[in-house]
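Student: My questions all concern the structure below.
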Amino acid sequence: MNISIRYFASLRDRMGRADDALELDGDSATVSEVWAKVTDGQSIPDSTLISVNMEYTDADAVLKDGDELAFFPPVTGG
Amino acid sequence: MNISIRYFASLRDRMGRADDALELDGDSATVSEVWAKVTDGQSIPDSTLISVNMEYTDADAVLKDGDELAFFPPVTGG
Amino acid sequence: MKVIVQQESFSPGQVIQEFQDALPRGKHGGVVSFVGTMRDFNDGEDVVSMTLEHYPGMTEKHIEQVCAEAAERWDIVDCLVVHRYGEMFPNDAIVLVAVWSAHRANAFDACRFIINYLKARAPFWKCETTTTGEKRWVEHNSKDPKAEVSDLEGVK
Amino acid sequence: MKVIVQQESFSPGQVIQEFQDALPRGKHGGVVSFVGTMRDFNDGEDVVSMTLEHYPGMTEKHIEQVCAEAAERWDIVDCLVVHRYGEMFPNDAIVLVAVWSAHRANAFDACRFIINYLKARAPFWKCETTTTGEKRWVEHNSKDPKAEVSDLEGVK
């Protein structure tokens with residue numbers, strides 16, 4: 001299945017890129033598994049926010065084909 | 001002693017005038033006494049607001065020479 | 001702190017901007033404002049105009065007292081109140097209360113306090129002219145005086 | 001209900017007036033607004049400009065959710081949110097939240113709720129450029145996160 005990933009703000013700077021397109025075997029994966037995949041096995045840093053298809057979720061959320069996953073630091077708008 | 005009196009809004013309409021200048025014998029009088037004087041002995045209608053020298057007060061307040069007394073209905077600004 | 005009681009109509013946004021441009025830079029993070037507007041009906045009848053009477057001197061004094069009390073209770077940078085008197089028409093701004101502060105919670109609390117106490121204390125009286133030409137004094141600011149009181153208590 | 005996320009600068013007073021002119025007449029008695037402004041210093045250093053990054057689509061969606069939640073909790077006539085992204089300079093308006101209602105208590109509560117939850121949920125990130133040319137991400141909106149949280153709880 002295919003997952004698109006977006007990184008924002010300081011997290012994008014740390015990743016060195018704004019997005020990833022991932023092709024995974026099988027038909028489900030958790031957010032944590034995808035993060036480990038794109039960071040060579042690291043765990044998600046504290047205070048990182050996660051969204052799937054533009055709704056907040058957590059690291060245990062299960063992804064499906066075509067999902068847009070995003071990682072970003074605490075928001076500072078307003 | 002001399003007291004000036006002002007009436008506002010619906011109360012002015014009821015009094016038929018916007019102000020009175022009163023010369024009283026003695027050197028003190030209460031607000032109630034002054035009201036009785038300008039209305040031929042009536043008592044102050046419920047919910048009437050009273051100020052002396054532009055500060056809120058009540059019917060028992062004692063007036064002195066030169067005071068500006070005012071009577072008016074509930075305020076409706078803002 | 002600035003309190004203006006004036007007959008002329010005013011543009012709330014413009015007045016806020018001009019006041020803000022004169023504030024010391026960088027001290028406030030935001031401004032909370034309340035603008036009260038004249039409605040075109042009241043008690044089921046169309047209102048074509050309204051005349052606001054006030055008590056010159058006492059009105060300014062009491063609005064200033066309310067602002068000073070707000071500045072004592074909350075940490076604010078500055079506040080501005082503009083209130084009209086005289087004749088006005090539907091959709092005219094009647095009153096503006098604007099409060100600048102470093103933290104927005106203080107600006108919200110202080111702005112709400114000022115408009116609530118201004119309405120309770122500042123000597124203004126509304127007289128409406130309806131489409132039939134009848135002039136009538138507005139007797140209370142709210143159809144639900146209890147709601148006003150509880151709102152006042154909420155900020156004490 | 002209108003939510004605008006735009007790059008262009010805007011004049012809060014003008015935007016409020018235009019929106020208000022299009023509202024059904026006579027239904028609201030007033031408008032409460034919050035305008036957040038860019039400061040020219042932060043953490044003791046002068047800031048010459050700021051760039052706000054956002055997540056197009058998600059940002060609008062979450063501000064709209066917050067507005068819809070406010071409209072469910074409080075009886076309001078309408079609300080308007082404008083939030084900038086991109087590069088901005090000291091004294092620029094960053095965000096405007098305006099709420100119209102028949103009774104001002106509802107407008108105060110709803111406006112405060114919207115700005116608090118917008119700040120907590122809407123995906124925006126501030127990056128400041130200081131006078132030395134250094135660019136740095138703002139890590140938290142407030143120096144006192146506890147104050148933010150208690151303010152959020154206050155409106156629940």
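Note on naming: chains are A, B, ... as they come in the structure tokens, residues start from 1 per chain, ligands start from 1 in the order shown.
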What lies within 9 Å of A:Glu33 using only C-alpha atoms, ignoring chain neighbours under 4 positions off, as number ranges by chain?
Tutor: A: 29, 37-38, 41, 43, 59-60
Student: Which residues are near C:Glu53? Cut-off 9 Å, only C-alpha atoms, ignore same chain within fewer than 4 positions. Put them as number ranges by chain.
Tutor: B: 8-9, 77; C: 85-87, 123-127
Student: Write out the residues from the selection above, keeping N, CA and C atoms, as a PDB file, in the first residue's frame.
Tutor:
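This went into result_7.pdb:
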ATOM      1  N   PHE B   8     -33.091  64.108  34.188  1.00  0.00           N
ATOM      2  CA  PHE B   8     -32.715  63.568  32.881  1.00  0.00           C
ATOM      3  C   PHE B   8     -33.769  62.602  32.328  1.00  0.00           C
ATOM      4  N   ALA B   9     -33.780  62.527  30.997  1.00  0.00           N
ATOM      5  CA  ALA B   9     -34.540  61.520  30.252  1.00  0.00           C
ATOM      6  C   ALA B   9     -36.029  61.535  30.624  1.00  0.00           C
ATOM      7  N   GLY B  77     -27.255  52.957  28.508  1.00  0.00           N
ATOM      8  CA  GLY B  77     -26.203  53.180  27.510  1.00  0.00           C
ATOM      9  C   GLY B  77     -25.564  51.886  27.044  1.00  0.00           C
TER      10      GLY B  77
ATOM     11  N   TYR C  85     -23.296  60.099  21.787  1.00  0.00           N
ATOM     12  CA  TYR C  85     -24.579  60.587  22.279  1.00  0.00           C
ATOM     13  C   TYR C  85     -25.229  61.322  21.113  1.00  0.00           C
ATOM     14  N   GLY C  86     -26.473  61.773  21.316  1.00  0.00           N
ATOM     15  CA  GLY C  86     -27.181  62.475  20.243  1.00  0.00           C
ATOM     16  C   GLY C  86     -27.931  61.500  19.351  1.00  0.00           C
ATOM     17  N   GLU C  87     -28.261  61.954  18.145  1.00  0.00           N
ATOM     18  CA  GLU C  87     -29.082  61.130  17.255  1.00  0.00           C
ATOM     19  C   GLU C  87     -28.235  60.153  16.448  1.00  0.00           C
ATOM     20  N   PRO C 123     -24.184  57.234  32.943  1.00  0.00           N
ATOM     21  CA  PRO C 123     -25.492  57.846  32.698  1.00  0.00           C
ATOM     22  C   PRO C 123     -25.738  58.195  31.228  1.00  0.00           C
ATOM     23  N   PHE C 124     -26.387  57.246  30.556  1.00  0.00           N
ATOM     24  CA  PHE C 124     -26.877  57.409  29.188  1.00  0.00           C
ATOM     25  C   PHE C 124     -28.320  56.931  29.173  1.00  0.00           C
ATOM     26  N   TRP C 125     -29.140  57.542  28.332  1.00  0.00           N
ATOM     27  CA  TRP C 125     -30.529  57.097  28.199  1.00  0.00           C
ATOM     28  C   TRP C 125     -30.899  57.076  26.727  1.00  0.00           C
ATOM     29  N   LYS C 126     -31.425  55.939  26.296  1.00  0.00           N
ATOM     30  CA  LYS C 126     -31.816  55.781  24.893  1.00  0.00           C
ATOM     31  C   LYS C 126     -33.265  56.170  24.694  1.00  0.00           C
ATOM     32  N   CYS C 127     -33.527  56.964  23.661  1.00  0.00           N
ATOM     33  CA  CYS C 127     -34.892  57.297  23.273  1.00  0.00           C
ATOM     34  C   CYS C 127     -35.059  56.936  21.804  1.00  0.00           C
TER      35      CYS C 127
END
Student: Give me, as a Markdown table, the closest atom pair and its distance (Å, one decimal) for every residue of chain D within a cut-off of 8 Å of chain A, counting only C-alpha atoms, rows sorted by chain and rising number.
Tutor:
| residue | atom | partner | partner_atom | distance |
| --- | --- | --- | --- | --- |
| D:Gly36 | CA | A:Gly78 | CA | 6.6 |
| D:Leu52 | CA | A:Gly77 | CA | 7.7 |
| D:Glu53 | CA | A:Ala9 | CA | 6.9 |
| D:Tyr55 | CA | A:Phe8 | CA | 7.8 |
| D:Gly57 | CA | A:Met54 | CA | 7.5 |
| D:Met58 | CA | A:Met54 | CA | 4.9 |
| D:Lys61 | CA | A:Met54 | CA | 7.9 |
| D:His83 | CA | A:Gly78 | CA | 7.4 |
| D:Ile94 | CA | A:Gly78 | CA | 6.8 |
| D:Val95 | CA | A:Gly78 | CA | 5.7 |
| D:Ile115 | CA | A:Gly78 | CA | 7.0 |
| D:Leu118 | CA | A:Gly78 | CA | 6.8 |
| D:Lys119 | CA | A:Gly78 | CA | 5.2 |
| D:Ala120 | CA | A:Val75 | CA | 6.8 |
| D:Arg121 | CA | A:Val75 | CA | 6.9 |
| D:Ala122 | CA | A:Val75 | CA | 6.8 |
| D:Pro123 | CA | A:Val75 | CA | 5.4 |
| D:Phe124 | CA | A:Gly77 | CA | 4.6 |
| D:Trp125 | CA | A:Thr76 | CA | 4.9 |
| D:Lys126 | CA | A:Thr76 | CA | 5.9 |
| D:Trp137 | CA | A:Ser10 | CA | 6.5 |
| D:Val138 | CA | A:Thr76 | CA | 6.9 |
| D:Glu139 | CA | A:Pro74 | CA | 7.0 |
| D:His140 | CA | A:Thr76 | CA | 6.0 |
| D:Asn141 | CA | A:Thr76 | CA | 5.0 |
Student: Okay, now the selection with N, CA and C atoms, as a tab-separated table (two decimals), in the first residue's frame?
Tutor:
chain	number	residue	atom	x	y	z
D	36	GLY	N	-4.66	39.55	17.04
D	36	GLY	CA	-3.29	39.26	17.49
D	36	GLY	C	-2.31	39.93	16.54
D	52	LEU	N	5.24	32.55	8.90
D	52	LEU	CA	4.30	31.58	9.44
D	52	LEU	C	4.07	30.50	8.41
D	53	GLU	N	4.42	29.28	8.81
D	53	GLU	CA	4.17	28.13	7.95
D	53	GLU	C	2.83	27.53	8.36
D	55	TYR	N	-0.28	24.24	7.28
D	55	TYR	CA	-0.55	22.97	6.58
D	55	TYR	C	-1.84	23.21	5.80
D	57	GLY	N	-5.13	23.24	4.00
D	57	GLY	CA	-6.18	22.23	4.07
D	57	GLY	C	-6.48	21.87	5.51
D	58	MET	N	-5.48	21.36	6.21
D	58	MET	CA	-5.70	20.98	7.61
D	58	MET	C	-5.95	22.23	8.47
D	61	LYS	N	-9.47	23.47	7.90
D	61	LYS	CA	-10.40	22.47	8.44
D	61	LYS	C	-10.53	22.59	9.95
D	83	HIS	N	-6.63	34.49	9.23
D	83	HIS	CA	-5.30	34.18	9.76
D	83	HIS	C	-4.30	34.24	8.62
D	94	ILE	N	-1.81	39.41	12.70
D	94	ILE	CA	-1.59	38.00	12.33
D	94	ILE	C	-2.93	37.28	12.24
D	95	VAL	N	-3.79	37.52	13.23
D	95	VAL	CA	-5.05	36.79	13.31
D	95	VAL	C	-6.16	37.71	13.79
D	115	ILE	N	-10.30	31.68	19.73
D	115	ILE	CA	-8.86	32.01	19.67
D	115	ILE	C	-8.05	31.02	20.51
D	118	LEU	N	-8.04	27.71	18.52
D	118	LEU	CA	-7.26	27.91	17.29
D	118	LEU	C	-5.78	27.82	17.61
D	119	LYS	N	-5.36	28.50	18.69
D	119	LYS	CA	-3.94	28.49	19.07
D	119	LYS	C	-3.49	27.09	19.48
D	120	ALA	N	-4.40	26.32	20.04
D	120	ALA	CA	-4.03	24.99	20.51
D	120	ALA	C	-4.03	23.96	19.39
D	121	ARG	N	-4.87	24.15	18.39
D	121	ARG	CA	-5.10	23.09	17.39
D	121	ARG	C	-4.69	23.40	15.95
D	122	ALA	N	-4.83	24.67	15.53
D	122	ALA	CA	-4.62	24.95	14.10
D	122	ALA	C	-3.14	24.85	13.75
D	123	PRO	N	-2.79	24.05	12.73
D	123	PRO	CA	-1.38	23.85	12.40
D	123	PRO	C	-0.74	25.06	11.71
D	124	PHE	N	-0.12	25.88	12.56
D	124	PHE	CA	0.70	27.02	12.13
D	124	PHE	C	2.00	26.93	12.91
D	125	TRP	N	3.09	27.39	12.30
D	125	TRP	CA	4.38	27.42	13.00
D	125	TRP	C	5.08	28.72	12.68
D	126	LYS	N	5.48	29.41	13.75
D	126	LYS	CA	6.16	30.70	13.59
D	126	LYS	C	7.67	30.50	13.52
D	137	TRP	N	12.77	28.81	15.06
D	137	TRP	CA	11.39	28.39	15.23
D	137	TRP	C	10.92	28.75	16.64
D	138	VAL	N	9.73	29.30	16.74
D	138	VAL	CA	9.12	29.54	18.04
D	138	VAL	C	8.62	28.19	18.54
D	139	GLU	N	9.07	27.79	19.74
D	139	GLU	CA	8.73	26.44	20.19
D	139	GLU	C	7.39	26.34	20.89
D	140	HIS	N	7.03	27.41	21.59
D	140	HIS	CA	5.74	27.43	22.28
D	140	HIS	C	5.12	28.80	22.12
D	141	ASN	N	3.81	28.85	22.14
D	141	ASN	CA	3.12	30.11	21.96
D	141	ASN	C	3.24	31.02	23.16
Student: Kindly determine which residues of chain D lie within 6 Å of chain C, considering only C-alpha atoms, and give the answer as number ranges by chain.
Tutor: D: 13, 26, 29-37, 39-40
Student: Identify, with DSSP run on backbone atoms, the residues in stretch 93-144 of chain C assigned to strand (DSSP E or B), and express the list as a ChimeraX atom specification.
Tutor: /C:93-101,124-130,135-137
